[in-house]
Every structure is written in C-alpha cells, then in structure tokens.
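Pasting model_14.cif here (mmCIF, C-alpha atoms):
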data_run
loop_
_atom_site.label_atom_id
_atom_site.label_comp_id
_atom_site.auth_asym_id
_atom_site.auth_seq_id
_atom_site.Cartn_x
_atom_site.Cartn_y
_atom_site.Cartn_z
CA MET A 1 17.35 -2.14 -20.36
CA HIS A 2 18.79 -2.73 -16.91
CA ALA A 3 17.32 -1.40 -13.68
CA PRO A 4 18.35 2.19 -13.07
CA ASP A 5 21.26 2.29 -10.65
CA SER A 6 21.09 5.96 -9.76
CA ALA A 7 18.70 8.79 -9.14
CA GLN A 8 19.96 10.38 -12.38
CA ASN A 9 18.97 7.31 -14.40
CA MET A 10 15.54 7.27 -12.71
CA ASN A 11 15.14 11.01 -13.41
CA ASP A 12 16.02 10.32 -17.03
CA LEU A 13 13.36 7.59 -17.21
CA CYS A 14 10.77 9.96 -15.70
CA GLN A 15 11.64 12.75 -18.12
CA ARG A 16 11.49 10.39 -21.07
CA CYS A 17 8.17 9.05 -19.82
CA GLY A 18 6.85 12.62 -19.46
CA ALA A 19 7.84 13.20 -23.09
CA GLY A 20 5.75 10.21 -24.16
CA ASP A 21 8.48 7.53 -24.37
CA GLU A 22 6.55 4.26 -24.05
CA LYS A 23 9.72 2.21 -23.46
CA ALA A 24 10.60 4.38 -20.45
CA PHE A 25 7.08 3.95 -19.04
CA SER A 26 7.27 0.18 -19.62
CA GLU A 27 10.58 0.04 -17.75
CA ILE A 28 9.17 1.93 -14.77
CA TYR A 29 6.10 -0.31 -14.81
CA ARG A 30 8.31 -3.40 -14.91
CA LEU A 31 10.38 -2.16 -11.98
CA PHE A 32 7.52 -1.23 -9.66
CA SER A 33 4.27 -2.99 -10.64
CA GLN A 34 4.77 -6.26 -8.74
CA PRO A 35 5.67 -4.74 -5.36
CA LEU A 36 2.80 -2.25 -5.73
CA TYR A 37 0.38 -5.04 -6.59
CA GLY A 38 1.50 -7.02 -3.53
CA THR A 39 0.86 -4.03 -1.28
CA ALA A 40 -2.55 -3.38 -2.83
CA LEU A 41 -3.59 -7.02 -2.62
CA ARG A 42 -2.65 -7.26 1.05
CA MET A 43 -4.63 -4.13 1.80
CA LEU A 44 -7.70 -4.83 -0.35
CA ARG A 45 -7.69 -8.65 -0.45
CA ARG A 46 -9.38 -8.58 -3.86
CA SER A 47 -7.23 -9.04 -6.94
CA ASP A 48 -9.43 -6.97 -9.26
CA GLU A 49 -9.41 -4.01 -6.87
CA ALA A 50 -5.66 -4.38 -6.29
CA GLU A 51 -5.07 -4.30 -10.06
CA ASP A 52 -7.28 -1.20 -10.34
CA ALA A 53 -5.35 0.56 -7.55
CA VAL A 54 -2.01 -0.14 -9.24
CA GLN A 55 -3.32 0.95 -12.64
CA ASP A 56 -4.65 4.17 -11.07
CA ALA A 57 -1.25 4.80 -9.49
CA PHE A 58 0.53 4.34 -12.82
CA LEU A 59 -2.02 6.54 -14.59
CA THR A 60 -1.34 9.24 -12.00
CA PHE A 61 2.38 8.78 -12.57
CA TYR A 62 1.99 8.95 -16.34
CA ASN A 63 0.03 12.19 -16.08
CA GLN A 64 2.60 13.75 -13.73
CA ALA A 65 5.84 12.18 -15.00
CA ALA A 66 7.07 15.34 -16.71
CA THR A 67 6.97 17.30 -13.44
CA LEU A 68 8.06 14.60 -10.97
CA ARG A 69 11.45 14.44 -9.32
CA ALA A 70 12.41 10.79 -9.14
CA ALA A 71 14.50 10.93 -5.96
CA ASN A 72 12.15 8.39 -4.39
CA LEU A 73 9.88 7.27 -7.21
CA GLY A 74 9.21 3.91 -5.55
CA GLY A 75 8.08 5.61 -2.36
CA TRP A 76 5.93 8.05 -4.30
CA LEU A 77 4.27 5.22 -6.25
CA HIS A 78 3.70 3.27 -3.02
CA ARG A 79 2.09 6.30 -1.41
CA VAL A 80 -0.22 6.82 -4.39
CA THR A 81 -1.14 3.12 -4.43
CA VAL A 82 -1.79 3.03 -0.68
CA ASN A 83 -3.96 6.14 -0.99
CA ARG A 84 -5.97 4.48 -3.77
CA CYS A 85 -6.42 1.42 -1.53
CA ILE A 86 -7.58 3.55 1.39
CA ASP A 87 -10.05 5.32 -0.91
CA GLN A 88 -11.42 1.95 -2.03
CA ILE A 89 -11.76 0.70 1.55
CA ARG A 90 -13.64 3.89 2.47
CA ARG A 91 -15.97 3.43 -0.52
CA ARG A 92 -16.71 -0.10 0.66
CA GLN A 93 -17.47 1.17 4.16
CA ARG A 94 -19.78 3.91 2.83
CA ARG A 95 -21.65 1.32 0.77
CA GLY A 96 -21.88 -0.91 3.83
CA GLU A 97 -20.24 -3.82 2.07
CA VAL A 98 -19.52 -6.89 4.16
CA GLU A 99 -15.86 -7.83 3.89
CA LEU A 100 -15.62 -11.26 2.27
CA PHE A 101 -12.62 -13.15 1.08
CA GLU A 102 -12.03 -13.24 -2.63
CA ASP A 103 -13.72 -16.64 -3.02
CA GLY A 104 -16.75 -15.41 -1.03
CA ALA A 105 -16.08 -17.74 1.90
CA ARG A 106 -16.03 -16.66 5.53
CA PRO A 107 -13.52 -18.50 7.69
CA ALA A 108 -14.75 -20.05 10.92
CA ARG A 109 -13.82 -18.29 14.18
CA GLY A 110 -10.48 -19.40 15.53
CA GLN A 111 -8.94 -20.06 12.14
CA LEU A 112 -5.76 -18.54 10.84
CA PHE A 113 -7.77 -15.78 9.18
CA ASP A 114 -8.47 -14.07 12.52
CA LEU A 115 -5.29 -12.04 12.09
CA GLU A 116 -6.27 -10.92 8.59
CA ARG A 117 -9.72 -9.95 9.80
CA ALA A 118 -8.24 -8.06 12.76
CA ILE A 119 -5.86 -6.19 10.45
CA GLN A 120 -8.75 -5.18 8.17
CA GLU A 121 -10.62 -3.77 11.19
CA LEU A 122 -7.77 -1.44 12.18
CA PRO A 123 -8.29 2.29 11.61
CA ASP A 124 -7.02 3.33 8.17
CA ARG A 125 -3.82 5.11 9.26
CA ALA A 126 -2.82 2.41 11.77
CA LYS A 127 -3.52 -0.33 9.21
CA THR A 128 -1.51 1.43 6.52
CA VAL A 129 1.50 1.97 8.78
CA PHE A 130 1.29 -1.64 10.03
CA MET A 131 1.13 -3.00 6.47
CA LEU A 132 3.99 -0.86 5.21
CA HIS A 133 6.27 -1.41 8.21
CA ASP A 134 5.57 -4.91 9.48
CA VAL A 135 4.35 -6.59 6.29
CA GLU A 136 6.21 -4.74 3.52
CA GLY A 137 9.35 -4.14 5.61
CA PHE A 138 9.73 -0.41 5.12
CA LYS A 139 11.59 1.59 7.78
CA HIS A 140 9.73 4.28 9.73
CA ARG A 141 11.59 6.96 7.76
CA GLU A 142 10.30 5.48 4.50
CA VAL A 143 6.76 5.05 5.81
CA ALA A 144 6.79 8.66 7.01
CA GLU A 145 7.91 9.83 3.56
CA MET A 146 5.29 7.78 1.74
CA LEU A 147 2.42 8.90 3.94
CA GLU A 148 3.72 12.44 4.47
CA ILE A 149 3.73 12.08 8.26
CA SER A 150 6.49 12.34 10.85
CA GLU A 151 8.55 9.33 11.92
CA GLY A 152 7.10 9.73 15.41
CA THR A 153 3.58 9.48 14.02
CA SER A 154 4.58 6.36 12.10
CA LYS A 155 5.96 4.79 15.29
CA SER A 156 2.92 5.72 17.38
CA GLN A 157 0.51 4.40 14.71
CA LEU A 158 2.44 1.14 14.55
CA PHE A 159 2.32 0.84 18.35
CA ARG A 160 -1.43 1.54 18.25
CA ALA A 161 -1.98 -1.06 15.52
CA ARG A 162 -0.04 -3.75 17.40
CA GLU A 163 -1.91 -3.03 20.64
CA MET A 164 -5.26 -3.25 18.86
CA LEU A 165 -4.24 -6.52 17.21
CA ARG A 166 -3.16 -7.99 20.56
CA GLU A 167 -6.53 -7.10 22.04
CA ALA A 168 -8.46 -8.41 19.04
CA LEU A 169 -6.56 -11.71 19.03
CA ALA A 170 -6.51 -12.29 22.80
CA PRO A 171 -8.64 -15.21 23.97
CA GLN A 172 -12.08 -14.16 25.29
CA GLY A 173 -11.90 -12.73 28.81
CA GLU A 174 -8.17 -12.08 28.58
CA SER A 175 -6.65 -8.64 27.94
CA SER A 176 -3.06 -7.69 27.31
#

Represent the supplied structure as structure tokens.
Amino acid sequence: MHAPDSAQNMNDLCQRCGAGDEKAFSEIYRLFSQPLYGTALRMLRRSDEAEDAVQDAFLTFYNQAATLRAANLGGWLHRVTVNRCIDQIRRRQRRGEVELFEDGARPARGQLFDLERAIQELPDRAKTVFMLHDVEGFKHREVAEMLEISEGTSKSQLFRAREMLREALAPQGESS
C-alpha cells in the first residue's frame, strides 16, 4: 500500500482502522511511528520511555480511530506523543529523579551536552515549542495546532526558550 496522498485516503485508513482493520492500522503505524519516536527520544532521552510514549499514542489512536477526523492525523499523533512525553517528564520530576543520559554517564561541564542539559531544564511549554519548531522543523501554525495554543503563544514560547538557552549557555559572568 502506498502512502495516502489525500485527506480522503487518510480518512479511509482511519475509518478502516476504527472498524478493526489491522492492515490499515499497520499502514498508519508505518507512516508515523519513526517521526513520533524521534520526537519522543529527543524529549525524553531514554529509548524505552520514548517507545512507551509512541505506543501510548498509537493505543490512544486505535481506541479513538472510529471517531477521528484525519485532516491532520500526523499533527494529532504528534500532539498526543508530546503530551505523553510531558507527562513522563513530570512523573520524573515528582519522583525527584536525577536526569542521566541513557548510558548513565554525566558529561563534564563545558562539553557539547550543555545544550541538551539546558534544553531539558526549560519549562515544559517552552521546551515543547522549541523542540517542535527548532528541532523538528514544524511551522508555528502547526505547533499551535498540535498543542492547541495560538500562533502568538507558540512564537512567544519559542522566544522565551531561546532567551533562556542563551542565558544558560553564556560563559560565567556574561549575560545576553
């Protein structure tokens, strides 16, 4: 089966999936799982948690496929995945977990990982907008749709995230 080339084809896949068609679900999974996994991995930095977030998003889709309009299925799936990632990050914070890299190592100060660490310390909304816009390449309109916010809020959160990153990455004693 080829990638759907229209909203009608995507709607057809969703309806078939809602009716229990495993081939339709497999096609949707094939189309969207890798980009969703990349987003989740960049946000969570742990492959097992990223896989869980993507699986949760597809389970949510499977349970709601019969009632979904597929006009922007990719955006909807991204929003669900990002929300699952944010939930996981909040759970970590509530448990007081120390953020470690997947191999358990902590990079020395001044290494390339300072940017990654600074991104992880951003407030949730600013981090999500930064990841979707600057890392994933979505336009503000798309980010706004995914997160159910206005374009202006997306722009202001991105500005906030960039300012916070500049401050966090500035050499000691220097401010931007």

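Using only C-alpha atoms, the smallest distance between any of A:Glu49, A:Glu163, A:Glu27, A:Asp56 and Leu13 of chain A comes from A:Glu27.
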
* Asked: Nearest to Leu77 of chain A: which of A:Ala65, A:Leu36, A:Cys17, A:Ile89 is it, counting only C-alpha atoms?
  -> A:Leu36

* May I ask which of the residues A:Gln88, A:Gly20, A:Arg162, A:Thr67 is the closest one to Ala53 of chain A, counting only C-alpha atoms? =>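 Among the listed residues, the smallest separation from Ala53 of chain A belongs to A:Gln88.
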
* Restricting the calculation to only C-alpha atoms, which member of A:Phe61, A:Arg69, A:Lys155, A:Val82 is positioned closest to Thr128 of chain A? -> A:Val82

* Carefully work through the PyMOL selection byres ((chain A and resi 134-151) around 10) for this structure and note down the residues it includes, as a PyMOL selection string. => chain A and resi 35+38-39+42+72+74-80+82-83+125+128-133+152-158+162

* **Which residue of A:Ala19, A:Leu115, A:Ala126, A:Leu44 approaches Ala170 of chain A most closely, using only C-alpha atoms** => A:Leu115

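Relative to atom CA of Asp124 of chain A, atom CA of Tyr62 of chain A is found at 26.7 Å.
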
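From atom CA of Ala40 of chain A back to atom CA of Ser26 of chain A, the distance works out to 19.8 Å.
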
* Separation of atom CA of Leu73 of chain A from atom CA of Asp52 of chain A in Å ->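 Value for the atom CA of Asp52 of chain A-atom CA of Leu73 of chain A distance: 19.4 Å.
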
Hey, could you patch up segment 63-83 of chain A with N, CA and C atoms and hand it over as a PDB file, in the frame of the given file?
ATOM      1  N   ASN A  63       0.510  10.822 -15.913  1.00  0.00           N
ATOM      2  CA  ASN A  63       0.030  12.190 -16.080  1.00  0.00           C
ATOM      3  C   ASN A  63       0.937  13.230 -15.427  1.00  0.00           C
ATOM      4  N   GLN A  64       1.740  12.817 -14.447  1.00  0.00           N
ATOM      5  CA  GLN A  64       2.600  13.750 -13.730  1.00  0.00           C
ATOM      6  C   GLN A  64       4.089  13.531 -13.979  1.00  0.00           C
ATOM      7  N   ALA A  65       4.434  12.570 -14.811  1.00  0.00           N
ATOM      8  CA  ALA A  65       5.840  12.180 -15.000  1.00  0.00           C
ATOM      9  C   ALA A  65       6.733  13.344 -15.404  1.00  0.00           C
ATOM     10  N   ALA A  66       6.233  14.237 -16.222  1.00  0.00           N
ATOM     11  CA  ALA A  66       7.070  15.340 -16.710  1.00  0.00           C
ATOM     12  C   ALA A  66       7.475  16.293 -15.588  1.00  0.00           C
ATOM     13  N   THR A  67       6.692  16.355 -14.517  1.00  0.00           N
ATOM     14  CA  THR A  67       6.970  17.300 -13.440  1.00  0.00           C
ATOM     15  C   THR A  67       7.519  16.639 -12.180  1.00  0.00           C
ATOM     16  N   LEU A  68       7.598  15.314 -12.169  1.00  0.00           N
ATOM     17  CA  LEU A  68       8.060  14.600 -10.970  1.00  0.00           C
ATOM     18  C   LEU A  68       9.580  14.601 -10.855  1.00  0.00           C
ATOM     19  N   ARG A  69      10.040  14.704  -9.599  1.00  0.00           N
ATOM     20  CA  ARG A  69      11.450  14.440  -9.320  1.00  0.00           C
ATOM     21  C   ARG A  69      11.508  12.998  -8.847  1.00  0.00           C
ATOM     22  N   ALA A  70      12.395  12.230  -9.384  1.00  0.00           N
ATOM     23  CA  ALA A  70      12.410  10.790  -9.140  1.00  0.00           C
ATOM     24  C   ALA A  70      13.305  10.369  -7.992  1.00  0.00           C
ATOM     25  N   ALA A  71      13.608  11.271  -7.061  1.00  0.00           N
ATOM     26  CA  ALA A  71      14.500  10.930  -5.960  1.00  0.00           C
ATOM     27  C   ALA A  71      14.015   9.694  -5.219  1.00  0.00           C
ATOM     28  N   ASN A  72      12.709   9.557  -5.053  1.00  0.00           N
ATOM     29  CA  ASN A  72      12.150   8.390  -4.390  1.00  0.00           C
ATOM     30  C   ASN A  72      10.882   7.978  -5.133  1.00  0.00           C
ATOM     31  N   LEU A  73      11.031   7.625  -6.394  1.00  0.00           N
ATOM     32  CA  LEU A  73       9.880   7.270  -7.210  1.00  0.00           C
ATOM     33  C   LEU A  73       9.135   6.071  -6.637  1.00  0.00           C
ATOM     34  N   GLY A  74       9.866   5.081  -6.142  1.00  0.00           N
ATOM     35  CA  GLY A  74       9.210   3.910  -5.550  1.00  0.00           C
ATOM     36  C   GLY A  74       8.353   4.291  -4.357  1.00  0.00           C
ATOM     37  N   GLY A  75       8.860   5.146  -3.511  1.00  0.00           N
ATOM     38  CA  GLY A  75       8.080   5.610  -2.360  1.00  0.00           C
ATOM     39  C   GLY A  75       6.870   6.406  -2.786  1.00  0.00           C
ATOM     40  N   TRP A  76       7.050   7.253  -3.800  1.00  0.00           N
ATOM     41  CA  TRP A  76       5.930   8.050  -4.300  1.00  0.00           C
ATOM     42  C   TRP A  76       4.839   7.144  -4.867  1.00  0.00           C
ATOM     43  N   LEU A  77       5.244   6.154  -5.675  1.00  0.00           N
ATOM     44  CA  LEU A  77       4.270   5.220  -6.250  1.00  0.00           C
ATOM     45  C   LEU A  77       3.571   4.405  -5.164  1.00  0.00           C
ATOM     46  N   HIS A  78       4.318   3.992  -4.132  1.00  0.00           N
ATOM     47  CA  HIS A  78       3.700   3.270  -3.020  1.00  0.00           C
ATOM     48  C   HIS A  78       2.663   4.151  -2.326  1.00  0.00           C
ATOM     49  N   ARG A  79       3.026   5.400  -2.081  1.00  0.00           N
ATOM     50  CA  ARG A  79       2.090   6.300  -1.410  1.00  0.00           C
ATOM     51  C   ARG A  79       0.818   6.469  -2.232  1.00  0.00           C
ATOM     52  N   VAL A  80       0.956   6.663  -3.536  1.00  0.00           N
ATOM     53  CA  VAL A  80      -0.220   6.820  -4.390  1.00  0.00           C
ATOM     54  C   VAL A  80      -1.059   5.549  -4.369  1.00  0.00           C
ATOM     55  N   THR A  81      -0.412   4.392  -4.452  1.00  0.00           N
ATOM     56  CA  THR A  81      -1.140   3.120  -4.430  1.00  0.00           C
ATOM     57  C   THR A  81      -1.857   2.924  -3.100  1.00  0.00           C
ATOM     58  N   VAL A  82      -1.171   3.171  -2.004  1.00  0.00           N
ATOM     59  CA  VAL A  82      -1.790   3.030  -0.680  1.00  0.00           C
ATOM     60  C   VAL A  82      -2.981   3.976  -0.558  1.00  0.00           C
ATOM     61  N   ASN A  83      -2.840   5.201  -1.041  1.00  0.00           N
ATOM     62  CA  ASN A  83      -3.960   6.140  -0.990  1.00  0.00           C
ATOM     63  C   ASN A  83      -5.139   5.640  -1.803  1.00  0.00           C
TER      64      ASN A  83
END
